[in-house]
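K.L.:
Structure: run_10.tsv, TSV, C-alpha atoms and all ligand atoms.
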chain	number	residue	atom	x	y	z
A	1	MET	CA	-10.18	1.91	21.78
A	2	THR	CA	-6.82	1.04	23.25
A	3	HIS	CA	-3.71	0.00	21.33
A	4	ARG	CA	-4.54	-3.57	22.41
A	5	ASP	CA	-7.82	-3.51	20.45
A	6	TYR	CA	-5.79	-3.34	17.23
A	7	GLU	CA	-3.41	-6.17	17.96
A	8	GLY	CA	-3.75	-9.78	16.76
A	9	SER	CA	-2.35	-13.17	17.74
A	10	VAL	CA	1.27	-13.55	18.77
A	11	SER	CA	3.49	-13.68	15.67
A	12	THR	CA	5.08	-16.99	14.68
A	13	LEU	CA	7.51	-15.32	12.24
A	14	CYS	CA	11.28	-15.41	12.85
A	15	ALA	CA	12.20	-12.95	15.60
A	16	GLY	CA	13.47	-9.82	13.87
A	17	CYS	CA	11.57	-10.35	10.59
A	18	GLY	CA	10.79	-7.03	8.91
A	19	HIS	CA	7.19	-8.13	8.38
A	20	ASP	CA	6.50	-7.91	12.14
A	21	SER	CA	7.56	-4.25	12.11
A	22	ILE	CA	5.08	-3.59	9.28
A	23	SER	CA	2.32	-5.27	11.34
A	24	ALA	CA	3.26	-2.98	14.24
A	25	ALA	CA	3.07	0.04	11.92
A	26	ILE	CA	-0.40	-1.05	10.72
A	27	VAL	CA	-1.57	-1.40	14.34
A	28	GLN	CA	-0.16	2.03	15.18
A	29	ALA	CA	-1.72	3.67	12.09
A	30	CYS	CA	-5.20	2.23	12.79
A	31	PHE	CA	-4.92	3.15	16.48
A	32	GLU	CA	-3.93	6.72	15.64
A	33	LEU	CA	-6.81	6.99	13.15
A	34	ASP	CA	-9.16	5.61	15.84
A	35	LEU	CA	-10.67	3.24	13.28
A	36	PRO	CA	-13.40	0.91	14.48
A	37	PRO	CA	-11.68	-2.46	13.76
A	38	HIS	CA	-14.89	-3.99	12.36
A	39	ARG	CA	-14.82	-1.42	9.54
A	40	LEU	CA	-11.65	-2.92	8.12
A	41	ALA	CA	-11.18	-6.07	6.04
A	42	LYS	CA	-7.66	-7.50	5.71
A	43	LEU	CA	-6.92	-9.90	2.87
A	44	SER	CA	-3.77	-11.71	1.89
A	45	GLY	CA	-2.32	-14.46	-0.29
A	46	ILE	CA	0.33	-17.01	0.76
A	47	GLY	CA	3.78	-16.42	2.23
A	48	CYS	CA	5.26	-15.25	5.54
A	49	SER	CA	4.02	-11.76	4.61
A	50	SER	CA	0.54	-13.07	3.85
A	51	LYS	CA	0.42	-14.77	7.26
A	52	THR	CA	0.81	-11.44	9.03
A	53	PRO	CA	-2.88	-10.34	9.04
A	54	THR	CA	-3.31	-12.94	11.80
A	55	TYR	CA	-0.89	-10.87	13.89
A	56	PHE	CA	-2.72	-7.54	13.71
A	57	LEU	CA	-6.31	-6.26	13.91
A	58	GLY	CA	-7.74	-9.37	15.54
A	59	ASN	CA	-11.18	-7.74	15.62
A	60	SER	CA	-11.32	-6.99	11.88
A	61	HIS	CA	-12.66	-9.07	9.02
A	62	GLY	CA	-10.02	-11.32	7.47
A	63	PHE	CA	-9.60	-13.60	4.47
A	64	ASN	CA	-6.42	-15.52	3.76
A	65	SER	CA	-6.75	-16.48	0.08
A	66	VAL	CA	-4.49	-18.63	-2.11
A	67	HIS	CA	-1.09	-17.74	-3.54
A	68	GLY	CA	-1.26	-14.59	-5.68
A	69	ARG	CA	-5.05	-14.35	-5.61
A	70	MET	CA	-5.55	-11.71	-2.94
A	71	PRO	CA	-6.29	-8.89	-5.45
A	72	SER	CA	-9.23	-10.63	-7.13
A	73	VAL	CA	-10.73	-11.81	-3.83
A	74	LEU	CA	-10.36	-8.28	-2.47
A	75	THR	CA	-11.94	-6.80	-5.62
A	76	GLY	CA	-14.95	-9.10	-5.25
A	77	ALA	CA	-15.39	-8.31	-1.57
A	78	ASN	CA	-15.03	-4.61	-2.28
A	79	LEU	CA	-17.70	-4.68	-4.99
A	80	ALA	CA	-20.10	-6.50	-2.68
A	81	ASN	CA	-19.47	-4.14	0.21
A	82	GLY	CA	-17.76	-0.86	-0.55
A	83	SER	CA	-18.39	0.48	2.94
A	84	LEU	CA	-15.38	-1.32	4.44
A	85	ILE	CA	-11.75	-0.27	4.36
A	86	TYR	CA	-9.79	-2.87	2.42
A	87	LEU	CA	-6.22	-3.71	3.33
A	88	GLY	CA	-4.43	-6.18	1.05
A	89	VAL	CA	-1.18	-7.61	2.38
A	90	SER	CA	1.08	-9.51	0.04
A	91	GLY	CA	4.67	-10.52	-0.59
A	92	ASP	CA	7.01	-9.93	-3.50
A	93	GLY	CA	6.58	-13.58	-4.52
A	94	ASP	CA	2.84	-13.39	-4.05
A	95	SER	CA	2.46	-10.17	-6.10
A	96	ALA	CA	5.40	-10.12	-8.53
A	97	SER	CA	5.47	-13.80	-9.53
A	98	ILE	CA	2.35	-15.95	-9.37
A	99	GLY	CA	0.07	-12.96	-8.70
A	100	LEU	CA	1.55	-10.45	-11.15
A	101	GLY	CA	-1.52	-10.46	-13.40
A	102	GLN	CA	-3.80	-10.06	-10.41
A	103	PHE	CA	-1.69	-7.20	-9.05
A	104	ALA	CA	-1.76	-5.43	-12.43
A	105	HIS	CA	-5.49	-5.71	-13.02
A	106	ALA	CA	-6.57	-4.68	-9.52
A	107	ILE	CA	-4.43	-1.57	-9.85
A	108	ARG	CA	-5.55	-0.66	-13.36
A	109	ARG	CA	-9.19	-0.98	-12.27
A	110	GLY	CA	-8.67	1.47	-9.43
A	111	VAL	CA	-9.92	-0.77	-6.63
A	112	ASN	CA	-10.30	1.29	-3.46
A	113	MET	CA	-7.77	-0.38	-1.19
A	114	VAL	CA	-4.45	-0.16	0.58
A	115	TYR	CA	-2.16	-2.68	-1.05
A	116	ILE	CA	1.05	-3.38	0.87
A	117	VAL	CA	3.79	-5.58	-0.54
A	118	GLU	CA	6.21	-6.71	2.15
A	119	ASN	CA	9.20	-6.89	-0.15
A	120	ASN	CA	12.20	-8.97	0.94
A	121	GLY	CA	13.47	-10.11	-2.47
A	122	VAL	CA	12.93	-13.79	-1.63
A	123	TYR	CA	10.29	-16.42	-1.13
A	124	GLY	CA	10.76	-16.48	2.64
A	125	LEU	CA	8.18	-19.13	3.45
A	126	THR	CA	9.67	-21.67	1.01
A	127	LYS	CA	13.19	-21.04	2.28
A	128	GLY	CA	14.79	-18.25	0.34
A	129	GLN	CA	14.56	-18.67	-3.46
A	130	PHE	CA	15.07	-15.39	-5.37
A	131	SER	CA	11.80	-13.62	-6.01
A	132	ALA	CA	11.03	-11.55	-9.11
A	133	THR	CA	11.95	-8.32	-7.29
A	134	ALA	CA	15.48	-9.51	-6.43
A	135	ASP	CA	18.10	-7.30	-8.06
A	136	ARG	CA	20.15	-8.71	-10.90
A	137	GLY	CA	23.60	-9.53	-9.57
A	138	SER	CA	22.46	-9.91	-5.96
A	139	GLN	CA	23.53	-13.01	-4.07
A	140	ASN	CA	21.43	-15.54	-2.20
A	141	LYS	CA	22.42	-17.15	1.08
A	142	ARG	CA	24.15	-20.04	-0.70
A	143	GLY	CA	26.17	-17.67	-2.86
A	144	SER	CA	24.39	-18.01	-6.22
A	145	ILE	CA	23.96	-14.87	-8.25
A	146	ASN	CA	20.60	-13.74	-9.58
A	147	LYS	CA	20.86	-13.44	-13.38
A	148	ASP	CA	17.30	-12.26	-14.02
A	149	ASN	CA	16.17	-8.65	-14.26
A	150	PRO	CA	14.04	-7.40	-11.36
A	151	ILE	CA	10.43	-6.30	-11.51
A	152	ASP	CA	9.98	-2.89	-9.92
A	153	LEU	CA	6.45	-2.87	-8.50
A	154	ILE	CA	6.57	0.88	-7.95
A	155	ALA	CA	7.31	1.50	-11.63
A	156	MET	CA	4.47	-0.87	-12.56
A	157	ALA	CA	2.01	0.73	-10.13
A	158	LEU	CA	2.80	4.18	-11.54
A	159	GLN	CA	2.40	2.96	-15.10
A	160	LEU	CA	-0.85	1.15	-14.30
A	161	GLY	CA	-2.49	4.27	-12.88
A	162	ALA	CA	-2.33	3.76	-9.09
A	163	THR	CA	-3.39	7.04	-7.50
A	164	PHE	CA	-1.22	6.77	-4.37
A	165	VAL	CA	2.23	5.25	-4.72
A	166	ALA	CA	4.81	5.02	-1.96
A	167	ARG	CA	7.83	3.05	-0.95
A	168	SER	CA	9.03	2.59	2.59
A	169	PHE	CA	11.20	0.48	4.83
A	170	SER	CA	9.96	-1.72	7.68
A	171	GLY	CA	12.63	-0.22	9.93
A	172	ASP	CA	11.43	3.36	9.40
A	173	LYS	CA	8.31	3.62	11.52
A	174	ALA	CA	8.33	7.42	11.42
A	175	GLN	CA	7.87	7.26	7.67
A	176	LEU	CA	5.73	4.14	7.40
A	177	VAL	CA	2.98	4.98	9.93
A	178	PRO	CA	1.91	8.28	8.31
A	179	LEU	CA	2.12	6.65	4.88
A	180	ILE	CA	-0.27	3.88	5.96
A	181	LYS	CA	-2.62	6.42	7.54
A	182	ALA	CA	-2.67	8.51	4.38
A	183	ALA	CA	-3.15	5.40	2.24
A	184	ILE	CA	-6.16	4.38	4.35
A	185	GLU	CA	-7.72	7.81	3.90
A	186	HIS	CA	-7.05	7.82	0.16
A	187	ARG	CA	-10.07	6.86	-1.95
A	188	GLY	CA	-8.61	4.85	-4.81
A	189	THR	CA	-5.74	2.43	-5.22
A	190	ALA	CA	-3.01	3.11	-2.67
A	191	PHE	CA	0.07	1.01	-3.19
A	192	ILE	CA	2.95	0.79	-0.72
A	193	ASP	CA	6.05	-1.22	-1.60
A	194	CYS	CA	7.70	-1.80	1.76
A	195	MET	CA	11.26	-3.10	1.93
A	196	SER	CA	11.14	-5.75	4.64
A	197	PRO	CA	14.34	-7.74	5.20
A	198	CYS	CA	14.08	-11.51	5.64
A	199	ILE	CA	16.58	-12.16	8.40
A	200	ALA	CA	16.54	-15.92	7.80
A	201	PHE	CA	17.31	-16.02	4.07
A	202	ASN	CA	18.17	-12.56	2.75
A	203	ASN	CA	20.14	-10.56	5.29
A	204	HIS	CA	23.73	-11.38	4.28
A	205	SER	CA	26.34	-9.30	2.49
A	206	GLY	CA	25.75	-9.50	-1.27
A	207	SER	CA	22.01	-9.14	-0.72
A	208	THR	CA	20.37	-5.88	-1.80
A	209	ARG	CA	17.44	-6.41	0.59
A	210	SER	CA	19.34	-6.77	3.87
A	211	PHE	CA	18.87	-4.33	6.76
A	212	ASP	CA	22.34	-2.90	6.23
A	213	TYR	CA	21.95	-2.49	2.47
A	214	VAL	CA	18.54	-0.83	2.66
A	215	ARG	CA	19.67	1.50	5.47
A	216	GLU	CA	22.78	2.53	3.52
A	217	HIS	CA	20.94	3.07	0.22
A	218	ASN	CA	17.72	4.62	1.49
A	219	GLU	CA	17.00	7.94	-0.23
A	220	ALA	CA	13.86	9.50	1.34
A	221	VAL	CA	12.00	11.90	-0.97
A	222	ASN	CA	10.00	13.59	1.79
A	223	LYS	CA	9.47	13.74	5.53
A	224	LEU	CA	5.92	12.76	6.32
A	225	ASP	CA	3.19	13.38	8.80
A	226	PHE	CA	-0.50	12.78	8.34
A	227	MET	CA	-3.48	14.60	9.82
A	228	THR	CA	-7.12	13.59	9.53
A	229	GLY	CA	-9.40	15.96	7.66
A	230	ARG	CA	-10.66	19.22	9.21
A	231	ALA	CA	-12.03	22.36	7.58
A	232	PRO	CA	-9.32	23.33	5.10
A	233	ILE	CA	-7.05	26.28	5.87
A	234	THR	CA	-6.13	27.98	2.64
A	235	VAL	CA	-3.41	30.51	2.02
A	236	ASP	CA	-2.43	32.43	-1.04
A	237	PHE	CA	0.96	34.11	-0.99
A	238	GLU	CA	3.87	34.76	-3.27
A	239	PRO	CA	6.88	32.48	-3.62
A	240	GLY	CA	9.77	33.72	-1.49
A	241	THR	CA	7.53	35.44	1.10
A	242	VAL	CA	6.58	34.45	4.66
A	243	GLU	CA	2.99	33.83	5.78
A	244	LEU	CA	1.69	33.36	9.36
A	245	VAL	CA	-1.14	30.81	9.42
A	246	GLU	CA	-3.38	30.17	12.44
A	247	GLN	CA	-3.87	26.41	13.03
A	248	HIS	CA	-6.87	24.46	14.37
A	249	ASP	CA	-5.08	23.92	17.67
A	250	GLY	CA	-4.46	27.69	18.08
A	251	SER	CA	-0.78	27.57	17.19
A	252	THR	CA	0.70	29.64	14.41
A	253	LEU	CA	2.46	28.17	11.45
A	254	VAL	CA	5.15	30.23	9.79
A	255	LEU	CA	5.28	29.32	6.14
A	256	ARG	CA	8.04	30.26	3.79
A	257	LYS	CA	7.18	29.43	0.25
A	258	LEU	CA	10.07	27.70	-1.43
A	259	ALA	CA	10.32	25.90	-4.72
A	260	SER	CA	9.36	22.38	-3.70
A	261	ASP	CA	12.17	19.84	-4.00
A	262	TYR	CA	9.91	16.98	-4.75
A	263	ASN	CA	6.50	17.12	-6.37
A	264	PRO	CA	4.39	14.04	-5.59
A	265	HIS	CA	1.66	15.07	-8.08
A	266	ASP	CA	3.55	14.38	-11.29
A	267	ARG	CA	3.25	10.75	-12.40
A	268	LEU	CA	5.79	10.99	-15.23
A	269	ALA	CA	8.35	12.80	-13.09
A	270	ALA	CA	7.88	10.18	-10.36
A	271	MET	CA	8.53	7.42	-12.90
A	272	SER	CA	11.79	8.89	-14.09
A	273	TYR	CA	12.82	9.86	-10.55
A	274	VAL	CA	12.45	6.25	-9.43
A	275	GLN	CA	14.26	4.91	-12.51
A	276	ASP	CA	17.16	7.39	-12.19
A	277	HIS	CA	17.72	6.57	-8.54
A	278	THR	CA	17.34	2.83	-9.06
A	279	ALA	CA	20.03	3.04	-11.75
A	280	ALA	CA	22.26	4.76	-9.19
A	281	GLY	CA	21.68	1.90	-6.72
A	282	GLU	CA	19.45	3.90	-4.43
A	283	ILE	CA	16.12	2.96	-2.87
A	284	VAL	CA	13.84	5.92	-3.01
A	285	THR	CA	11.35	6.01	-0.13
A	286	GLY	CA	8.46	8.31	0.73
A	287	LEU	CA	5.25	9.38	-0.96
A	288	LEU	CA	6.21	9.24	-4.63
A	289	PHE	CA	2.86	10.03	-6.23
A	290	ILE	CA	-0.64	11.01	-5.19
A	291	ASP	CA	-3.66	12.02	-7.21
A	292	ASN	CA	-5.99	13.98	-4.94
A	293	GLU	CA	-8.83	13.75	-7.46
A	294	ALA	CA	-8.68	9.96	-7.64
A	295	GLU	CA	-11.74	7.92	-8.51
A	296	ASP	CA	-12.22	4.26	-7.70
A	297	LEU	CA	-13.84	1.21	-9.26
A	298	HIS	CA	-17.16	1.83	-7.47
A	299	ARG	CA	-17.47	5.23	-9.10
A	300	HIS	CA	-16.31	3.96	-12.50
A	301	LEU	CA	-19.03	1.28	-12.41
A	302	ASP	CA	-21.58	3.51	-10.69
A	303	ILE	CA	-22.27	0.93	-8.01
A	304	THR	CA	-24.43	1.65	-4.99
A	305	GLU	CA	-22.62	2.55	-1.79
A	306	THR	CA	-24.99	0.25	0.13
A	307	PRO	CA	-23.49	-3.18	0.81
A	308	LEU	CA	-25.26	-5.77	-1.36
A	309	ASN	CA	-26.33	-7.78	1.69
A	310	ALA	CA	-28.20	-4.73	2.99
A	311	LEU	CA	-30.30	-4.28	-0.18
A	312	SER	CA	-33.88	-5.49	-0.22
A	313	GLU	CA	-35.15	-8.06	-2.74
A	314	THR	CA	-36.99	-5.41	-4.75
A	315	GLU	CA	-33.78	-3.35	-5.00
A	316	LEU	CA	-31.79	-6.39	-6.09
A	317	CYS	CA	-34.51	-7.56	-8.55
A	318	PRO	CA	-35.91	-4.39	-10.10
A	319	GLY	CA	-38.36	-6.30	-12.32
A	320	GLU	CA	-38.95	-7.28	-15.93
A	321	ALA	CA	-39.39	-3.78	-17.33
A	322	THR	CA	-35.99	-2.66	-15.99
A	323	LEU	CA	-34.35	-5.84	-17.29
A	324	GLU	CA	-35.91	-5.19	-20.72
A	325	MET	CA	-34.52	-1.65	-20.67
A	326	ILE	CA	-31.02	-2.89	-19.80
A	327	ASN	CA	-31.14	-5.55	-22.51
A	328	ALA	CA	-32.37	-3.02	-25.05
A	329	SER	CA	-29.51	-0.67	-24.19
A	330	LEU	CA	-27.04	-3.46	-24.95
A	331	ARG	CA	-28.47	-4.44	-28.34
A	401	LIG	C1	-0.13	-22.24	-6.02
A	401	LIG	C2	1.07	-22.23	-5.12
A	401	LIG	N1	2.30	-22.28	-5.66
A	401	LIG	C3	3.40	-22.26	-4.87
A	401	LIG	C4	3.27	-22.24	-3.52
A	401	LIG	C5	4.50	-22.29	-2.65
A	401	LIG	N2	4.77	-21.00	-2.01
A	401	LIG	C6	4.30	-20.73	-0.78
A	401	LIG	S1	4.76	-19.19	-0.26
A	401	LIG	C7	5.60	-18.92	-1.71
A	401	LIG	C8	6.34	-17.64	-1.95
A	401	LIG	C9	6.19	-16.64	-0.88
A	401	LIG	O1	7.00	-15.53	-1.16
A	401	LIG	P1	6.53	-14.07	-0.82
A	401	LIG	O2	5.19	-13.79	-1.36
A	401	LIG	O3	7.64	-13.17	-1.23
A	401	LIG	O4	6.37	-14.11	0.78
A	401	LIG	P2	7.48	-14.12	1.93
A	401	LIG	O5	7.40	-15.50	2.51
A	401	LIG	O6	8.79	-13.79	1.35
A	401	LIG	O7	6.98	-13.07	2.86
A	401	LIG	C10	5.51	-20.00	-2.57
A	401	LIG	C11	6.15	-20.07	-3.89
A	401	LIG	C12	1.95	-22.21	-2.97
A	401	LIG	N3	1.73	-22.14	-1.66
A	401	LIG	N4	0.88	-22.20	-3.79
A	402	LIG	S1	11.67	-16.81	6.75
A	402	LIG	FE1	12.17	-14.65	6.38
A	402	LIG	S2	10.24	-13.70	5.73
A	402	LIG	FE2	9.73	-15.66	6.75
A	402	LIG	S3	9.38	-15.14	8.91
A	402	LIG	FE3	11.52	-15.74	8.73
A	402	LIG	S4	12.60	-13.78	8.40
A	402	LIG	FE4	10.44	-13.40	7.96
A	403	MG	MG	9.13	-12.33	-0.13
Could you rewrite the structure in this file as structure tokens?

P.N.:
Amino acid sequence: MTHRDYEGSVSTLCAGCGHDSISAAIVQACFELDLPPHRLAKLSGIGCSSKTPTYFLGNSHGFNSVHGRMPSVLTGANLANGSLIYLGVSGDGDSASIGLGQFAHAIRRGVNMVYIVENNGVYGLTKGQFSATADRGSQNKRGSINKDNPIDLIAMALQLGATFVARSFSGDKAQLVPLIKAAIEHRGTAFIDCMSPCIAFNNHSGSTRSFDYVREHNEAVNKLDFMTGRAPITVDFEPGTVELVEQHDGSTLVLRKLASDYNPHDRLAAMSYVQDHTAAGEIVTGLLFIDNEAEDLHRHLDITETPLNALSETELCPGEATLEMINASLR
């Protein structure tokens, strides 16, 4: 596969829109993972952000649903065919306003997917109204002040049990690409809230979603790289000591065990970390939380891994005796 095989149609978004950089990061992540494009299904709602699946992975499955309904359509597709990789692309209007209930329930059910919100603080497609993620006190292009409190989708995703939670910035490819790769490899609900400035309606001074504001207030929690799975290399050494570790490529890694600055395995700590930094006006980016033992909806419901359309009639209709047994178990 070449990089080209992961591209889509030419974008019709405003030149410089953050969403196009996220599309480029998705293309790069899938190219680096060498994913067969037909193994991926991209779903979206309505908005400039939700238009973007047309602009990447032209050889993948795609479904552009209605406003705020991407999560339920994705859940249905996923239950029918769990063998695909599901990528949901949404906007802050799409997920935090009309689709908030859908967002919440897909996450609490643990649907195996990568869910990216391209967060610009406005309804870009309908010309710049404040969205539900816009900060209180921020200013729109016409100068009005937002008086409503913002919804923090990261805080919600953590509270609702998402097993991979990250925030990034469309202009930080070095951080975003490995995050998307790791999210694709994660089995469970992987949520990425990606700040993505709208240059047409939310890139002025007074906005807290402009390129300048996000750059100035970006507080990265970790520096990321992602490697696909190989046989694990394990080490066991004392804190404060140095360990030489032979790598798969023959190089040697010199490890010094330090107390980790940031622990992405503690959900409660991640919640208060995000809240503390938000209160200080900072945008925390990076991998905020991951549960390596995550389970997904398929496992919770004990559903076959075989896509439903590949099951035979006898497997789909197991007969009267089985139906009787199921009914009896429910009485
Ligand atoms: C049921 C319904 N209500 C309202 C709209 C109008 N509408 C289209 S896009 C949109 C908001 C898009 O905002 P967001 O999801 O943040 O995407 P952006 O354009 O900012 O990327 C709205 C309200 C619609 N298309 N359908
Ligand atoms: S209106 Fe805003 S969100 Fe929509 S394409 Fe233009 S810059 Fe991007
Ligand atoms: Mg938006």

K.L.:
So which residues touch Ser50 in chain A within 8 Å, counting only C-alpha atoms, skipping near sequence neighbours fewer than 2 positions away, as a ChimeraX atom specification?

P.N.:
/A:44-48,52-53,64,89-91

K.L.:
Restricting it to C-alpha atoms, dump the selection as a short mmCIF file (atom, residue, chain, number, x, y, z; two decimals), keeping the file's coordinate frame.

P.N.:
data_model
loop_
_atom_site.label_atom_id
_atom_site.label_comp_id
_atom_site.auth_asym_id
_atom_site.auth_seq_id
_atom_site.Cartn_x
_atom_site.Cartn_y
_atom_site.Cartn_z
CA SER A 44 -3.77 -11.71 1.89
CA GLY A 45 -2.32 -14.46 -0.29
CA ILE A 46 0.33 -17.01 0.76
CA GLY A 47 3.78 -16.42 2.23
CA CYS A 48 5.26 -15.25 5.54
CA THR A 52 0.81 -11.44 9.03
CA PRO A 53 -2.88 -10.34 9.04
CA ASN A 64 -6.42 -15.52 3.76
CA VAL A 89 -1.18 -7.61 2.38
CA SER A 90 1.08 -9.51 0.04
CA GLY A 91 4.67 -10.52 -0.59
#

K.L.:
Edge lengths and centre in Å to one decimal, as lines of an AutoDock Vina configuration file, of the axis-aligned box that encloses all listed atoms of ligand LIG 402 (chain A) with 6 Å added on every side?

P.N.:
center_x = 11.0
center_y = -15.1
center_z = 7.3
size_x = 15.2
size_y = 15.4
size_z = 15.2

K.L.:
If I take CA of Gly16 in chain A and atom S4 of ligand LIG 402 (chain A), how far is one from the other in Å, to one decimal?

P.N.:
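Computing the Euclidean distance for CA of Gly16 in chain A and atom S4 of ligand LIG 402 (chain A) yields 6.8 Å.
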
K.L.:
List all protein, DNA and RNA residues that have an atom no more than 8 Å from any atom of ligand LIG 402 (chain A), counting all atoms listed in the file, and report them as JSON, numbers by chain.

P.N.:
{"A": [12, 13, 14, 15, 16, 17, 18, 19, 20, 47, 48, 49, 120, 122, 123, 124, 125, 126, 127, 128, 197, 198, 199, 200, 201, 202]}

K.L.:
What is the distance, in Å and to one decimal place, between CA of Asp34 in chain A and CA of Asn59 in chain A?

P.N.:
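Spanning CA of Asp34 in chain A to CA of Asn59 in chain A is a straight-line distance of 13.5 Å.
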
K.L.:
Let me make sure I understand: among A:Ile107, A:Leu57, A:Gly171, A:Ser23, which one has the smallest atom-to-atom distance to Glu7 in chain A if we use all atoms listed in the file?

P.N.:
A:Leu57
